[in-house]
Amino acid sequence: MNNHQNIINKIKALSKKIDKPVNLMEVCGTHTQAISRYGIRQLMPANINLITGPGCPVCVTDQSDIDNLVNLSLAGIPIATYGDTIKVPGDFGSLEDAQQKGAKVFAVYSIEEALELQKDYPDLVFFGLGFETTAPMTAYAIQNGLTVYSAHKLFLPAMTHLLQNRLTNIEGFINPGHVSVIVGADAYKNIKAPQVITGFEAEDVLVGIYLLLKQIHENRQDVENEYTRAVTKFGNTKAYELILKVFEPSAGLWRGLGNIPNSGLAIRKKYQHQDAKVKYQNILSKIKHTYKKNAACKCGHIIQGALKPQQCPMFNKVCTPDKPFGPCMVSSEGACNVEYQNI
Amino acid sequence: MKDTVKIDEGGGGQASADLIKEIRDILNIKNKWTNCNDDAAIFNTGKEKIVFTTDSYIVDPIFFPGGDIGKIAISGTINDLSVMGAKPIGIALSIVLEDGFPKDNLKKIMHSINKVSQEAKVPIVTGDTKVTDKGKLDKIVITTSGVGLVQNIISNNGAQPGDFIISSGDLGEHTIALLAKRFNYQTKIKSDSHAFNFELAQVGKYLKACKDPTRGGLAANIIEIADKSKVKIILDEKTLPYKKETTAISNLLGLDVFSLASEGRFIAAVNPKNVNKVLTILKKFNKEAKVIGHTEIGKDVFLKTALDTLRPIKMPKGKLIPRIC
């Protein structure tokens, strides 16, 4: 406890010296949960603003991808995907709604479960989403014969995009812990902002905040690694190589952020017979994406830190974890869901 | 869209509570029985108070480290009677089997039920068996109903400001054992499933409110005690009743430890002056029995975190779903 209090005191002293509002963005769903779980916002000085970025894989998945998968499932193609993805609503309802209508939709806990399911359902399509953390598993599954609809993304281009489009002022990043395990600390070198890679314990996050404030105060823009027990300079090169063997960087469509060059992971030609986007092009090309049904949902703004969950007019009124309008309320890592747990 | 039952409504969280309310609103529950929304209902004959409860069990996988569906089916009903302060006297056992279910598995499950019945000294007194066509249900469903006798009822509304909250052992191990089996994780954690009628009987007179944190975990059950007793409960992160391994696996899967189920533990509110007595007795059964929090004037449940901040503990929503990141 003394150690915690020490760091908190240091944060308070530094924030006084900085003496202007500072926005620090966390971009990993598990950090969003950790900050909330330890009540870290309650401990921050008034000028230190912790904002949540696009770190929740379900939240950043564009609605058009959800719509595509719902339509595939309704066309009789069995779909498997990770847990809460099936609850995200789109123009054609959610995958869970499709399941209720009789579509074969499976929420799996791991890629192995999808591979197992494929034995019973040879036409199974795995809806792959997530960042550098989940992409290696999907790559492995593709090598083992699984058909995949890839909504996988590379995270780092989104950080550069956030700095460039300046919808929110970001003075520093708490870099994503899990993604960093794969990409390594050096990967962030070209991103122009103070950055600290931290773990997920209370002390990790507090030290991360302190180191960011120190950089801001000293006018530095470095990548510091507080999470050395898991993150190395070069990351898990094997996993990264596996991603690039099966996928190639392409334009990635992010909810709220739009198209970000080289942030998507498209399945390489070599595996195109297992690429659901190629295999079912005839169905997918006919789907009209209107984005109309959930137009009032502010998830797009929330994942960029431009709005706080409480600033969304639907938050905790019509939009709750039981009846979510957007993915930020669906996913346990989504900013709205996490905020909802704390009111 | 047509209103249909959703999987979340069986998860033990808010959605389950809403479904049960929907069902209760149709059933005419006004009668001479009391405690109809507790773990078991009570009928006062004038001479004796009879306690009655029932529960259905579906579990995947049906065999897991530390037990099987049979063990939790009989233990669960014995425990539901016990947390009311009752002495269980008999169990009815109904089994629905899927065509093709291996006889060996059925026998294994029956032996395991018999073992608990013998050890807990609660007989199986009647039962029913049905077999359905293949594919009509997933392997086996067991329903157990139990009758007990009680003198001093322990309800879930008796906690008062100033009480301590205790746990009879570490929690969440049942869910973790199941998930570990499902994902082939190497772990020493076994299901905590067992009948706790003897341990509870020894401390029953000191317990002011008691629940067994099965479905919905510590979260749903401690919230129920707080709501029904009209007190605020503060749990302390430093003394949370979870093994490191439980928390680690739970974090790995992105699950909230507070929603993990136990099948052989109870939590209770105890007057501070009786806490040492209670813990001394409970530690004979499980050395992890301990104080996990206290009650105050107010409402809702909070966790005092490692940073001394307070965070609300919420009713779990729906089915447990692992995270992606």
# chains A, B, ... in the order shown; residues from 1 in each chain; ligands from 1
$ interface_residues --of "chain B" --to "chain A" --cutoff "12 Å" --atoms "only C-alpha atoms" --output "ChimeraX atom specification"
/B:1-9,13-16,18,179-180,182-184,237-238,251-257,300-325
$ residues_around --residues "Gly67 (chain B)" --least-positions-apart "5" --cutoff "8 Å" --atoms "only C-alpha atoms" --output "NGL selection string"
:B and (72 or 191 or 193)
$ select_by_dssp --residues "region 10-248 of chain A" --states "strand (DSSP E or B)" --output "ChimeraX atom specification"
/A:22-26,48-52,61,79-82,90,93,105-108,125-130,147-153,172-175,195-197,223-225,247-248
$ write_last_selection --atoms "C-alpha atoms" --output "PDB file, in the first residue's frame"
ATOM      1  CA  VAL A  22      -3.655  16.044 -19.814  1.00  0.00           C
ATOM      2  CA  ASN A  23      -5.460  13.298 -21.766  1.00  0.00           C
ATOM      3  CA  LEU A  24      -3.908   9.866 -21.372  1.00  0.00           C
ATOM      4  CA  MET A  25      -5.438   7.168 -23.537  1.00  0.00           C
ATOM      5  CA  GLU A  26      -5.453   3.464 -22.780  1.00  0.00           C
ATOM      6  CA  ILE A  48      -5.371  14.137 -15.453  1.00  0.00           C
ATOM      7  CA  ASN A  49      -7.991  12.638 -17.699  1.00  0.00           C
ATOM      8  CA  LEU A  50      -7.863   8.903 -18.405  1.00  0.00           C
ATOM      9  CA  ILE A  51      -9.661   8.188 -21.663  1.00  0.00           C
ATOM     10  CA  THR A  52     -10.496   4.912 -23.316  1.00  0.00           C
ATOM     11  CA  THR A  61     -15.294  -4.279 -35.650  1.00  0.00           C
ATOM     12  CA  ILE A  79     -20.756 -19.417 -38.117  1.00  0.00           C
ATOM     13  CA  ALA A  80     -18.428 -19.670 -35.127  1.00  0.00           C
ATOM     14  CA  THR A  81     -16.939 -16.717 -33.304  1.00  0.00           C
ATOM     15  CA  TYR A  82     -15.747 -15.506 -29.940  1.00  0.00           C
ATOM     16  CA  GLY A  90     -26.434  -4.514 -36.834  1.00  0.00           C
ATOM     17  CA  GLY A  93     -30.006  -7.918 -36.046  1.00  0.00           C
ATOM     18  CA  VAL A 105     -24.214 -19.780 -34.748  1.00  0.00           C
ATOM     19  CA  PHE A 106     -21.651 -21.007 -32.237  1.00  0.00           C
ATOM     20  CA  ALA A 107     -19.967 -18.922 -29.551  1.00  0.00           C
ATOM     21  CA  VAL A 108     -16.580 -20.539 -29.007  1.00  0.00           C
ATOM     22  CA  VAL A 125     -16.992 -20.057 -41.237  1.00  0.00           C
ATOM     23  CA  PHE A 126     -14.976 -18.664 -38.351  1.00  0.00           C
ATOM     24  CA  PHE A 127     -15.501 -14.943 -37.828  1.00  0.00           C
ATOM     25  CA  GLY A 128     -11.964 -13.917 -36.881  1.00  0.00           C
ATOM     26  CA  LEU A 129     -11.542 -10.625 -35.083  1.00  0.00           C
ATOM     27  CA  GLY A 130      -9.091  -9.032 -32.728  1.00  0.00           C
ATOM     28  CA  THR A 147     -12.493 -21.184 -43.455  1.00  0.00           C
ATOM     29  CA  VAL A 148     -12.328 -17.671 -42.043  1.00  0.00           C
ATOM     30  CA  TYR A 149     -13.961 -14.285 -42.463  1.00  0.00           C
ATOM     31  CA  SER A 150     -11.177 -11.993 -41.350  1.00  0.00           C
ATOM     32  CA  ALA A 151     -11.948  -8.773 -39.510  1.00  0.00           C
ATOM     33  CA  HIS A 152      -8.541  -9.008 -37.827  1.00  0.00           C
ATOM     34  CA  LYS A 153      -6.627  -5.784 -37.396  1.00  0.00           C
ATOM     35  CA  GLY A 172       0.185  10.094 -24.063  1.00  0.00           C
ATOM     36  CA  PHE A 173      -0.647   6.425 -24.607  1.00  0.00           C
ATOM     37  CA  ILE A 174      -0.769   3.591 -22.132  1.00  0.00           C
ATOM     38  CA  ASN A 175       0.270   1.052 -24.754  1.00  0.00           C
ATOM     39  CA  GLN A 195       4.097   5.964 -24.616  1.00  0.00           C
ATOM     40  CA  VAL A 196       4.467   3.492 -21.779  1.00  0.00           C
ATOM     41  CA  ILE A 197       3.869  -0.258 -22.082  1.00  0.00           C
ATOM     42  CA  VAL A 223       8.486   4.367 -25.674  1.00  0.00           C
ATOM     43  CA  GLU A 224       9.090   3.107 -22.156  1.00  0.00           C
ATOM     44  CA  ASN A 225       8.514  -0.498 -21.163  1.00  0.00           C
ATOM     45  CA  PHE A 247      -2.415 -12.707 -43.777  1.00  0.00           C
ATOM     46  CA  GLU A 248      -1.273  -9.626 -45.610  1.00  0.00           C
TER      47      GLU A 248
END
$ residues_around --residues "region 158-164 of chain A" --least-positions-apart "2" --cutoff "7 Å" --atoms "only C-alpha atoms" --output "ChimeraX atom specification"
/A:155-156,166,170,191,260
$ residues_around --residues "region 285-290 of chain B" --least-positions-apart "5" --cutoff "9 Å" --atoms "only C-alpha atoms" --output "PyMOL selection string"
chain B and resi 165-170+199+239+241+279-280
$ select_by_dssp --residues "region 105-256 of chain B" --states "alpha helix (DSSP H)" --output "count of residues only"
57
$ closest_residue --among "B:Lys205, B:Lys32, B:His174, B:His194" --to "Thr77 (chain B)" --atoms "only C-alpha atoms"
B:His194
$ closest_residue --among "A:Pro194, A:Pro327, A:Gly53, A:Gly184" --to "Cys297 (chain A)" --atoms "only C-alpha atoms"
A:Pro327
$ residues_around --residues "Pro309 (chain A)" --least-positions-apart "5" --cutoff "9 Å" --atoms "only C-alpha atoms" --output "ChimeraX atom specification"
/A:298-299,302,315,328,335-337,339-340
$ write_last_selection --atoms "C-alpha atoms" --output "mmCIF file, in the first residue's frame"
data_model
loop_
_atom_site.group_PDB
_atom_site.id
_atom_site.type_symbol
_atom_site.label_atom_id
_atom_site.label_comp_id
_atom_site.auth_asym_id
_atom_site.auth_seq_id
_atom_site.Cartn_x
_atom_site.Cartn_y
_atom_site.Cartn_z
ATOM 1 C CA LYS A 298 -22.175 6.751 -30.240
ATOM 2 C CA CYS A 299 -19.717 3.847 -30.082
ATOM 3 C CA ILE A 302 -16.548 6.593 -27.687
ATOM 4 C CA PHE A 315 -26.270 5.242 -22.010
ATOM 5 C CA CYS A 328 -19.193 -0.767 -26.454
ATOM 6 C CA ALA A 335 -15.979 1.437 -22.466
ATOM 7 C CA CYS A 336 -19.754 1.613 -21.918
ATOM 8 C CA ASN A 337 -20.033 -1.848 -20.379
ATOM 9 C CA GLU A 339 -18.601 2.252 -17.083
ATOM 10 C CA TYR A 340 -22.019 0.658 -16.534
#
$ residues_around --residues "Ala251 (chain A)" --least-positions-apart "5" --cutoff "6 Å" --atoms "only C-alpha atoms" --output "PyMOL selection string"
chain A and resi 260-264
$ atom_distance --atom1 "CA of Ala226 (chain B)" --atom2 "CA of Ser262 (chain B)"
19.3 Å
$ closest_residue --among "B:Gln202, B:Asn274, B:Thr175, B:Asn28" --to "Thr247 (chain B)" --atoms "only C-alpha atoms"
B:Thr175
$ residues_around --residues "Ala159 (chain B)" --least-positions-apart "2" --cutoff "10 Å" --atoms "only C-alpha atoms" --output "PyMOL selection string"
chain B and resi 155-157+161-165+207-210+225-233+268-271+294-296
$ closest_residue --among "B:Ser250, B:Asn35, B:Thr187, B:Ser94" --to "Gly146 (chain B)" --atoms "only C-alpha atoms"
B:Ser94
$ atom_distance --atom1 "CA of Lys270 (chain A)" --atom2 "CA of Ser250 (chain A)"
15.5 Å
$ closest_residue --among "B:Asp25, B:Asp38, B:Glu245, B:Asp138" --to "Pro61 (chain B)" --atoms "only C-alpha atoms"
B:Asp138
$ closest_residue --among "B:Lys87, B:Leu137, B:Lys71, B:Gly76" --to "Asn114 (chain B)" --atoms "only C-alpha atoms"
B:Lys71
